[in-house]
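Structure file work_33.pdb (PDB, N, CA and C atoms, pLDDT in the B column) is printed below.
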ATOM      1  N   MET N   1       0.830  -1.184   0.000  1.00 71.00           N
ATOM      2  CA  MET N   1       0.000   0.000   0.000  1.00 71.00           C
ATOM      3  C   MET N   1       0.881   1.257   0.000  1.00 71.00           C
ATOM      4  N   ARG N   2       2.021   1.175   0.672  1.00 80.00           N
ATOM      5  CA  ARG N   2       2.921   2.328   0.758  1.00 80.00           C
ATOM      6  C   ARG N   2       3.433   2.726  -0.621  1.00 80.00           C
ATOM      7  N   ALA N   3       3.729   1.728  -1.451  1.00 84.00           N
ATOM      8  CA  ALA N   3       4.233   2.010  -2.800  1.00 84.00           C
ATOM      9  C   ALA N   3       3.182   2.747  -3.630  1.00 84.00           C
ATOM     10  N   ALA N   4       1.929   2.359  -3.477  1.00 83.00           N
ATOM     11  CA  ALA N   4       0.851   3.006  -4.234  1.00 83.00           C
ATOM     12  C   ALA N   4       0.677   4.458  -3.805  1.00 83.00           C
ATOM     13  N   THR N   5       0.738   4.716  -2.499  1.00 85.00           N
ATOM     14  CA  THR N   5       0.577   6.095  -2.037  1.00 85.00           C
ATOM     15  C   THR N   5       1.761   6.953  -2.469  1.00 85.00           C
ATOM     16  N   GLU N   6       2.959   6.379  -2.435  1.00 86.00           N
ATOM     17  CA  GLU N   6       4.140   7.118  -2.891  1.00 86.00           C
ATOM     18  C   GLU N   6       4.048   7.438  -4.380  1.00 86.00           C
ATOM     19  N   SER N   7       3.520   6.491  -5.150  1.00 86.00           N
ATOM     20  CA  SER N   7       3.366   6.695  -6.590  1.00 86.00           C
ATOM     21  C   SER N   7       2.380   7.825  -6.876  1.00 86.00           C
ATOM     22  N   ILE N   8       1.271   7.833  -6.161  1.00 88.00           N
ATOM     23  CA  ILE N   8       0.275   8.891  -6.348  1.00 88.00           C
ATOM     24  C   ILE N   8       0.848  10.232  -5.902  1.00 88.00           C
ATOM     25  N   ALA N   9       1.535  10.247  -4.766  1.00 89.00           N
ATOM     26  CA  ALA N   9       2.132  11.486  -4.267  1.00 89.00           C
ATOM     27  C   ALA N   9       3.186  12.007  -5.245  1.00 89.00           C
ATOM     28  N   ASP N  10       3.983  11.104  -5.800  1.00 90.00           N
ATOM     29  CA  ASP N  10       5.013  11.512  -6.763  1.00 90.00           C
ATOM     30  C   ASP N  10       4.382  12.120  -8.016  1.00 90.00           C
ATOM     31  N   THR N  11       3.317  11.512  -8.495  1.00 89.00           N
ATOM     32  CA  THR N  11       2.618  12.042  -9.667  1.00 89.00           C
ATOM     33  C   THR N  11       2.065  13.436  -9.388  1.00 89.00           C
ATOM     34  N   LEU N  12       1.485  13.617  -8.221  1.00 91.00           N
ATOM     35  CA  LEU N  12       0.952  14.936  -7.849  1.00 91.00           C
ATOM     36  C   LEU N  12       2.063  15.971  -7.728  1.00 91.00           C
ATOM     37  N   ARG N  13       3.206  15.570  -7.164  1.00 91.00           N
ATOM     38  CA  ARG N  13       4.347  16.484  -7.034  1.00 91.00           C
ATOM     39  C   ARG N  13       4.857  16.918  -8.404  1.00 91.00           C
ATOM     40  N   ARG N  14       5.027  15.959  -9.314  1.00 93.00           N
ATOM     41  CA  ARG N  14       5.549  16.265 -10.644  1.00 93.00           C
ATOM     42  C   ARG N  14       4.637  17.228 -11.391  1.00 93.00           C
ATOM     43  N   ARG N  15       3.359  17.140 -11.147  1.00 93.00           N
ATOM     44  CA  ARG N  15       2.404  18.012 -11.833  1.00 93.00           C
ATOM     45  C   ARG N  15       2.149  19.324 -11.089  1.00 93.00           C
ATOM     46  N   GLY N  16       2.833  19.506  -9.972  1.00 91.00           N
ATOM     47  CA  GLY N  16       2.678  20.731  -9.199  1.00 91.00           C
ATOM     48  C   GLY N  16       1.374  20.812  -8.441  1.00 91.00           C
ATOM     49  N   LEU N  17       0.803  19.665  -8.117  1.00 93.00           N
ATOM     50  CA  LEU N  17      -0.500  19.644  -7.452  1.00 93.00           C
ATOM     51  C   LEU N  17      -0.442  19.146  -6.013  1.00 93.00           C
ATOM     52  N   ALA N  18       0.731  19.106  -5.424  1.00 91.00           N
ATOM     53  CA  ALA N  18       0.858  18.580  -4.064  1.00 91.00           C
ATOM     54  C   ALA N  18       0.073  19.423  -3.053  1.00 91.00           C
ATOM     55  N   ALA N  19       0.232  20.733  -3.104  1.00 90.00           N
ATOM     56  CA  ALA N  19      -0.457  21.601  -2.138  1.00 90.00           C
ATOM     57  C   ALA N  19      -1.978  21.585  -2.323  1.00 90.00           C
ATOM     58  N   PRO N  20      -2.497  21.731  -3.562  1.00 94.00           N
ATOM     59  CA  PRO N  20      -3.954  21.652  -3.713  1.00 94.00           C
ATOM     60  C   PRO N  20      -4.519  20.277  -3.324  1.00 94.00           C
ATOM     61  N   ALA N  21      -3.776  19.229  -3.636  1.00 93.00           N
ATOM     62  CA  ALA N  21      -4.242  17.886  -3.279  1.00 93.00           C
ATOM     63  C   ALA N  21      -4.300  17.731  -1.765  1.00 93.00           C
ATOM     64  N   ARG N  22      -3.303  18.271  -1.079  1.00 93.00           N
ATOM     65  CA  ARG N  22      -3.264  18.195   0.384  1.00 93.00           C
ATOM     66  C   ARG N  22      -4.478  18.906   0.991  1.00 93.00           C
ATOM     67  N   LEU N  23      -4.805  20.074   0.459  1.00 93.00           N
ATOM     68  CA  LEU N  23      -5.976  20.810   0.947  1.00 93.00           C
ATOM     69  C   LEU N  23      -7.270  20.036   0.692  1.00 93.00           C
ATOM     70  N   LEU N  24      -7.390  19.463  -0.491  1.00 94.00           N
ATOM     71  CA  LEU N  24      -8.595  18.702  -0.807  1.00 94.00           C
ATOM     72  C   LEU N  24      -8.713  17.438   0.042  1.00 94.00           C
ATOM     73  N   LEU N  25      -7.606  16.781   0.304  1.00 93.00           N
ATOM     74  CA  LEU N  25      -7.649  15.590   1.152  1.00 93.00           C
ATOM     75  C   LEU N  25      -8.136  15.933   2.549  1.00 93.00           C
ATOM     76  N   ASP N  26      -7.637  17.038   3.093  1.00 93.00           N
ATOM     77  CA  ASP N  26      -8.101  17.456   4.423  1.00 93.00           C
ATOM     78  C   ASP N  26      -9.571  17.855   4.408  1.00 93.00           C
ATOM     79  N   ALA N  27      -9.978  18.573   3.378  1.00 94.00           N
ATOM     80  CA  ALA N  27     -11.369  19.044   3.305  1.00 94.00           C
ATOM     81  C   ALA N  27     -12.353  17.889   3.133  1.00 94.00           C
ATOM     82  N   HIS N  28     -11.928  16.829   2.460  1.00 92.00           N
ATOM     83  CA  HIS N  28     -12.845  15.722   2.174  1.00 92.00           C
ATOM     84  C   HIS N  28     -12.694  14.539   3.119  1.00 92.00           C
ATOM     85  N   ARG N  29     -11.882  14.686   4.150  1.00 92.00           N
ATOM     86  CA  ARG N  29     -11.706  13.588   5.104  1.00 92.00           C
ATOM     87  C   ARG N  29     -13.041  13.096   5.689  1.00 92.00           C
ATOM     88  N   PRO N  30     -13.959  13.982   6.088  1.00 93.00           N
ATOM     89  CA  PRO N  30     -15.231  13.476   6.626  1.00 93.00           C
ATOM     90  C   PRO N  30     -16.073  12.713   5.587  1.00 93.00           C
ATOM     91  N   LEU N  31     -15.852  13.002   4.321  1.00 93.00           N
ATOM     92  CA  LEU N  31     -16.622  12.347   3.264  1.00 93.00           C
ATOM     93  C   LEU N  31     -15.969  11.072   2.737  1.00 93.00           C
ATOM     94  N   ARG N  32     -14.792  10.730   3.254  1.00 92.00           N
ATOM     95  CA  ARG N  32     -14.035   9.597   2.745  1.00 92.00           C
ATOM     96  C   ARG N  32     -14.841   8.292   2.684  1.00 92.00           C
ATOM     97  N   PRO N  33     -15.577   7.912   3.719  1.00 92.00           N
ATOM     98  CA  PRO N  33     -16.354   6.664   3.613  1.00 92.00           C
ATOM     99  C   PRO N  33     -17.415   6.716   2.500  1.00 92.00           C
ATOM    100  N   LEU N  34     -18.056   7.846   2.360  1.00 95.00           N
ATOM    101  CA  LEU N  34     -19.051   8.001   1.301  1.00 95.00           C
ATOM    102  C   LEU N  34     -18.388   7.952  -0.080  1.00 95.00           C
ATOM    103  N   LEU N  35     -17.233   8.579  -0.211  1.00 92.00           N
ATOM    104  CA  LEU N  35     -16.498   8.548  -1.475  1.00 92.00           C
ATOM    105  C   LEU N  35     -16.055   7.131  -1.825  1.00 92.00           C
ATOM    106  N   ALA N  36     -15.680   6.344  -0.817  1.00 92.00           N
ATOM    107  CA  ALA N  36     -15.284   4.955  -1.060  1.00 92.00           C
ATOM    108  C   ALA N  36     -16.463   4.155  -1.615  1.00 92.00           C
ATOM    109  N   GLU N  37     -17.627   4.330  -1.022  1.00 95.00           N
ATOM    110  CA  GLU N  37     -18.815   3.620  -1.501  1.00 95.00           C
ATOM    111  C   GLU N  37     -19.211   4.092  -2.905  1.00 95.00           C
ATOM    112  N   THR N  38     -19.088   5.379  -3.143  1.00 94.00           N
ATOM    113  CA  THR N  38     -19.416   5.925  -4.461  1.00 94.00           C
ATOM    114  C   THR N  38     -18.467   5.399  -5.521  1.00 94.00           C
ATOM    115  N   SER N  39     -17.193   5.258  -5.180  1.00 91.00           N
ATOM    116  CA  SER N  39     -16.235   4.742  -6.165  1.00 91.00           C
ATOM    117  C   SER N  39     -16.518   3.279  -6.500  1.00 91.00           C
ATOM    118  N   VAL N  40     -17.033   2.514  -5.543  1.00 92.00           N
ATOM    119  CA  VAL N  40     -17.430   1.131  -5.841  1.00 92.00           C
ATOM    120  C   VAL N  40     -18.625   1.141  -6.789  1.00 92.00           C
ATOM    121  N   PHE N  41     -19.575   2.005  -6.524  1.00 95.00           N
ATOM    122  CA  PHE N  41     -20.752   2.113  -7.375  1.00 95.00           C
ATOM    123  C   PHE N  41     -20.380   2.533  -8.797  1.00 95.00           C
ATOM    124  N   LEU N  42     -19.412   3.452  -8.900  1.00 94.00           N
ATOM    125  CA  LEU N  42     -19.001   3.965 -10.208  1.00 94.00           C
ATOM    126  C   LEU N  42     -17.840   3.183 -10.825  1.00 94.00           C
ATOM    127  N   SER N  43     -17.489   2.062 -10.243  1.00 93.00           N
ATOM    128  CA  SER N  43     -16.339   1.302 -10.742  1.00 93.00           C
ATOM    129  C   SER N  43     -16.435   0.919 -12.220  1.00 93.00           C
ATOM    130  N   PRO N  44     -17.618   0.620 -12.773  1.00 94.00           N
ATOM    131  CA  PRO N  44     -17.645   0.334 -14.214  1.00 94.00           C
ATOM    132  C   PRO N  44     -17.177   1.512 -15.074  1.00 94.00           C
ATOM    133  N   VAL N  45     -17.324   2.721 -14.564  1.00 93.00           N
ATOM    134  CA  VAL N  45     -16.871   3.904 -15.298  1.00 93.00           C
ATOM    135  C   VAL N  45     -15.423   4.248 -14.919  1.00 93.00           C
ATOM    136  N   LEU N  46     -15.096   4.129 -13.632  1.00 92.00           N
ATOM    137  CA  LEU N  46     -13.776   4.532 -13.152  1.00 92.00           C
ATOM    138  C   LEU N  46     -12.660   3.579 -13.562  1.00 92.00           C
ATOM    139  N   ARG N  47     -12.950   2.289 -13.609  1.00 93.00           N
ATOM    140  CA  ARG N  47     -11.894   1.324 -13.966  1.00 93.00           C
ATOM    141  C   ARG N  47     -11.282   1.600 -15.337  1.00 93.00           C
ATOM    142  N   PRO N  48     -12.074   1.822 -16.382  1.00 94.00           N
ATOM    143  CA  PRO N  48     -11.446   2.133 -17.681  1.00 94.00           C
ATOM    144  C   PRO N  48     -10.693   3.469 -17.681  1.00 94.00           C
ATOM    145  N   LEU N  49     -11.170   4.427 -16.901  1.00 92.00           N
ATOM    146  CA  LEU N  49     -10.506   5.733 -16.862  1.00 92.00           C
ATOM    147  C   LEU N  49      -9.185   5.699 -16.095  1.00 92.00           C
ATOM    148  N   LEU N  50      -9.174   4.995 -14.966  1.00 88.00           N
ATOM    149  CA  LEU N  50      -7.995   4.980 -14.108  1.00 88.00           C
ATOM    150  C   LEU N  50      -7.063   3.798 -14.376  1.00 88.00           C
ATOM    151  N   GLY N  51      -7.571   2.767 -15.024  1.00 90.00           N
ATOM    152  CA  GLY N  51      -6.743   1.594 -15.289  1.00 90.00           C
ATOM    153  C   GLY N  51      -6.302   0.920 -14.000  1.00 90.00           C
ATOM    154  N   ARG N  52      -5.014   0.570 -13.939  1.00 86.00           N
ATOM    155  CA  ARG N  52      -4.518  -0.141 -12.757  1.00 86.00           C
ATOM    156  C   ARG N  52      -4.428   0.759 -11.525  1.00 86.00           C
ATOM    157  N   ARG N  53      -4.542   2.067 -11.701  1.00 85.00           N
ATOM    158  CA  ARG N  53      -4.524   2.979 -10.560  1.00 85.00           C
ATOM    159  C   ARG N  53      -5.839   2.950  -9.784  1.00 85.00           C
ATOM    160  N   TYR N  54      -6.878   2.360 -10.364  1.00 90.00           N
ATOM    161  CA  TYR N  54      -8.176   2.311  -9.684  1.00 90.00           C
ATOM    162  C   TYR N  54      -8.049   1.650  -8.318  1.00 90.00           C
ATOM    163  N   ARG N  55      -7.336   0.521  -8.254  1.00 88.00           N
ATOM    164  CA  ARG N  55      -7.196  -0.211  -6.992  1.00 88.00           C
ATOM    165  C   ARG N  55      -6.492   0.653  -5.939  1.00 88.00           C
ATOM    166  N   ALA N  56      -5.482   1.405  -6.357  1.00 86.00           N
ATOM    167  CA  ALA N  56      -4.763   2.268  -5.417  1.00 86.00           C
ATOM    168  C   ALA N  56      -5.675   3.369  -4.878  1.00 86.00           C
ATOM    169  N   VAL N  57      -6.461   3.960  -5.751  1.00 87.00           N
ATOM    170  CA  VAL N  57      -7.393   5.005  -5.325  1.00 87.00           C
ATOM    171  C   VAL N  57      -8.450   4.415  -4.391  1.00 87.00           C
ATOM    172  N   GLN N  58      -8.941   3.246  -4.723  1.00 90.00           N
ATOM    173  CA  GLN N  58      -9.938   2.586  -3.879  1.00 90.00           C
ATOM    174  C   GLN N  58      -9.359   2.286  -2.496  1.00 90.00           C
ATOM    175  N   ASP N  59      -8.113   1.803  -2.438  1.00 88.00           N
ATOM    176  CA  ASP N  59      -7.471   1.537  -1.149  1.00 88.00           C
ATOM    177  C   ASP N  59      -7.326   2.816  -0.326  1.00 88.00           C
ATOM    178  N   LEU N  60      -6.985   3.913  -0.992  1.00 88.00           N
ATOM    179  CA  LEU N  60      -6.862   5.189  -0.284  1.00 88.00           C
ATOM    180  C   LEU N  60      -8.176   5.595   0.370  1.00 88.00           C
ATOM    181  N   LEU N  61      -9.247   5.382  -0.345  1.00 90.00           N
ATOM    182  CA  LEU N  61     -10.551   5.790   0.177  1.00 90.00           C
ATOM    183  C   LEU N  61     -11.072   4.837   1.247  1.00 90.00           C
ATOM    184  N   GLU N  62     -10.695   3.574   1.175  1.00 91.00           N
ATOM    185  CA  GLU N  62     -11.217   2.585   2.116  1.00 91.00           C
ATOM    186  C   GLU N  62     -10.448   2.526   3.432  1.00 91.00           C
ATOM    187  N   HIS N  63      -9.167   2.874   3.427  1.00 91.00           N
ATOM    188  CA  HIS N  63      -8.326   2.666   4.602  1.00 91.00           C
ATOM    189  C   HIS N  63      -7.782   4.000   5.129  1.00 91.00           C
ATOM    190  N   ASP N  64      -8.010   4.221   6.418  1.00 90.00           N
ATOM    191  CA  ASP N  64      -7.493   5.437   7.054  1.00 90.00           C
ATOM    192  C   ASP N  64      -5.980   5.522   6.951  1.00 90.00           C
ATOM    193  N   ALA N  65      -5.303   4.396   7.134  1.00 91.00           N
ATOM    194  CA  ALA N  65      -3.839   4.401   7.130  1.00 91.00           C
ATOM    195  C   ALA N  65      -3.298   4.836   5.773  1.00 91.00           C
ATOM    196  N   ALA N  66      -3.887   4.357   4.700  1.00 90.00           N
ATOM    197  CA  ALA N  66      -3.428   4.738   3.358  1.00 90.00           C
ATOM    198  C   ALA N  66      -3.703   6.214   3.094  1.00 90.00           C
ATOM    199  N   TYR N  67      -4.843   6.681   3.526  1.00 91.00           N
ATOM    200  CA  TYR N  67      -5.206   8.096   3.362  1.00 91.00           C
ATOM    201  C   TYR N  67      -4.188   8.978   4.100  1.00 91.00           C
ATOM    202  N   ASP N  68      -3.864   8.576   5.327  1.00 92.00           N
ATOM    203  CA  ASP N  68      -2.890   9.330   6.119  1.00 92.00           C
ATOM    204  C   ASP N  68      -1.492   9.249   5.515  1.00 92.00           C
ATOM    205  N   GLN N  69      -1.131   8.103   4.940  1.00 92.00           N
ATOM    206  CA  GLN N  69       0.178   7.970   4.288  1.00 92.00           C
ATOM    207  C   GLN N  69       0.304   8.932   3.116  1.00 92.00           C
ATOM    208  N   LEU N  70      -0.757   9.067   2.343  1.00 91.00           N
ATOM    209  CA  LEU N  70      -0.713   9.996   1.213  1.00 91.00           C
ATOM    210  C   LEU N  70      -0.546  11.431   1.703  1.00 91.00           C
ATOM    211  N   ILE N  71      -1.272  11.787   2.737  1.00 91.00           N
ATOM    212  CA  ILE N  71      -1.138  13.127   3.302  1.00 91.00           C
ATOM    213  C   ILE N  71       0.287  13.349   3.813  1.00 91.00           C
ATOM    214  N   ASP N  72       0.840  12.359   4.510  1.00 91.00           N
ATOM    215  CA  ASP N  72       2.214  12.472   5.005  1.00 91.00           C
ATOM    216  C   ASP N  72       3.212  12.597   3.859  1.00 91.00           C
ATOM    217  N   SER N  73       3.006  11.839   2.800  1.00 89.00           N
ATOM    218  CA  SER N  73       3.901  11.907   1.641  1.00 89.00           C
ATOM    219  C   SER N  73       3.853  13.288   1.001  1.00 89.00           C
ATOM    220  N   LEU N  74       2.670  13.858   0.911  1.00 89.00           N
ATOM    221  CA  LEU N  74       2.543  15.197   0.344  1.00 89.00           C
ATOM    222  C   LEU N  74       3.171  16.249   1.258  1.00 89.00           C
ATOM    223  N   ASP N  75       3.048  16.055   2.570  1.00 87.00           N
ATOM    224  CA  ASP N  75       3.687  16.977   3.513  1.00 87.00           C
ATOM    225  C   ASP N  75       5.194  16.912   3.393  1.00 87.00           C
ATOM    226  N   ASP N  76       5.728  15.706   3.261  1.00 80.00           N
ATOM    227  CA  ASP N  76       7.175  15.545   3.097  1.00 80.00           C
ATOM    228  C   ASP N  76       7.665  16.267   1.850  1.00 80.00           C
ATOM    229  N   ALA N  77       6.871  16.228   0.810  1.00 61.00           N
ATOM    230  CA  ALA N  77       7.257  16.883  -0.453  1.00 61.00           C
ATOM    231  C   ALA N  77       7.324  18.399  -0.285  1.00 61.00           C
ATOM    232  N   GLU N  78       6.434  18.942   0.516  1.00 63.00           N
ATOM    233  CA  GLU N  78       6.409  20.390   0.711  1.00 63.00           C
ATOM    234  C   GLU N  78       7.600  20.869   1.541  1.00 63.00           C
ATOM    235  N   HIS N  79       8.121  19.997   2.407  1.00 62.00           N
ATOM    236  CA  HIS N  79       9.196  20.398   3.315  1.00 62.00           C
ATOM    237  C   HIS N  79      10.578  20.081   2.758  1.00 62.00           C
ATOM    238  N   ARG N  80      10.663  19.577   1.548  1.00 59.00           N
ATOM    239  CA  ARG N  80      11.978  19.278   0.962  1.00 59.00           C
ATOM    240  C   ARG N  80      12.579  20.499   0.351  1.00 59.00           C
TER     241      ARG N  80
END

What's the structure tokens form of this structure?
Amino acid sequence: MRAATESIADTLRRRGLAAPARLLLDAHRPLRPLLAETSVFLSPVLRPLLGRRYRAVQDLLEHDAAYDQLIDSLDDAEHR
């Protein structure tokens, strides 16, 4: 799971979206369980769009630890 969060964080950093992503993650933390259920419902649409990254995104939404790891990875990027 750590590798997936690092991969997502690295992609966000390369695109210059680390800070906005960090803000959105904090703002949507209370909605995380609902977003996880919605992503399962929309999986027939999301799987072709996200490809193999779908599973990583789903894990982020389902598990608090993965969500926190992504936030920590983005914080580390800002302090480098």

In Å, how far is it from atom C of N:Glu62 to atom CA of N:Ala19? 22.2 Å

For stretch 45-62 of chain N, take all atoms listed in the file, fit an axis-aligned box around them, add 4 Å to each of the six sides, then output centre and edge lengths in Å rounded to one decimal, as lines of an AutoDock Vina configuration file.
center_x = -10.9
center_y = 2.8
center_z = -7.1
size_x = 20.9
size_y = 14.0
size_z = 29.1

Would you list the contacts of N:Thr11 as a list of chain:residue names, taking every protein, DNA or RNA residue within 12 Å and counting only C-alpha atoms, but skipping same-chain residues closer than 5 positions in sequence?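 Residues meeting the cut-off are N:Ala4, N:Thr5, N:Glu6, N:Gly16, N:Leu17, N:Ala18, N:Ala21, N:Arg53, N:Leu70, N:Ser73, N:Leu74, N:Ala77.
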
Hey, what's within 8 Å of stretch 28-35 of chain N if we count all atoms listed in the file and toss same-chain stuff fewer than 2 positions away? As a ChimeraX atom specification, please? /N:22-26,37-41,58,60-63

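With atom CA of N:Pro20 on one side and atom CA of N:Val57 on the other, the separation reads 17.1 Å.
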
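In this model, the gap between atom CA of N:Leu42 and atom CA of N:Arg13 comes to 26.7 Å.
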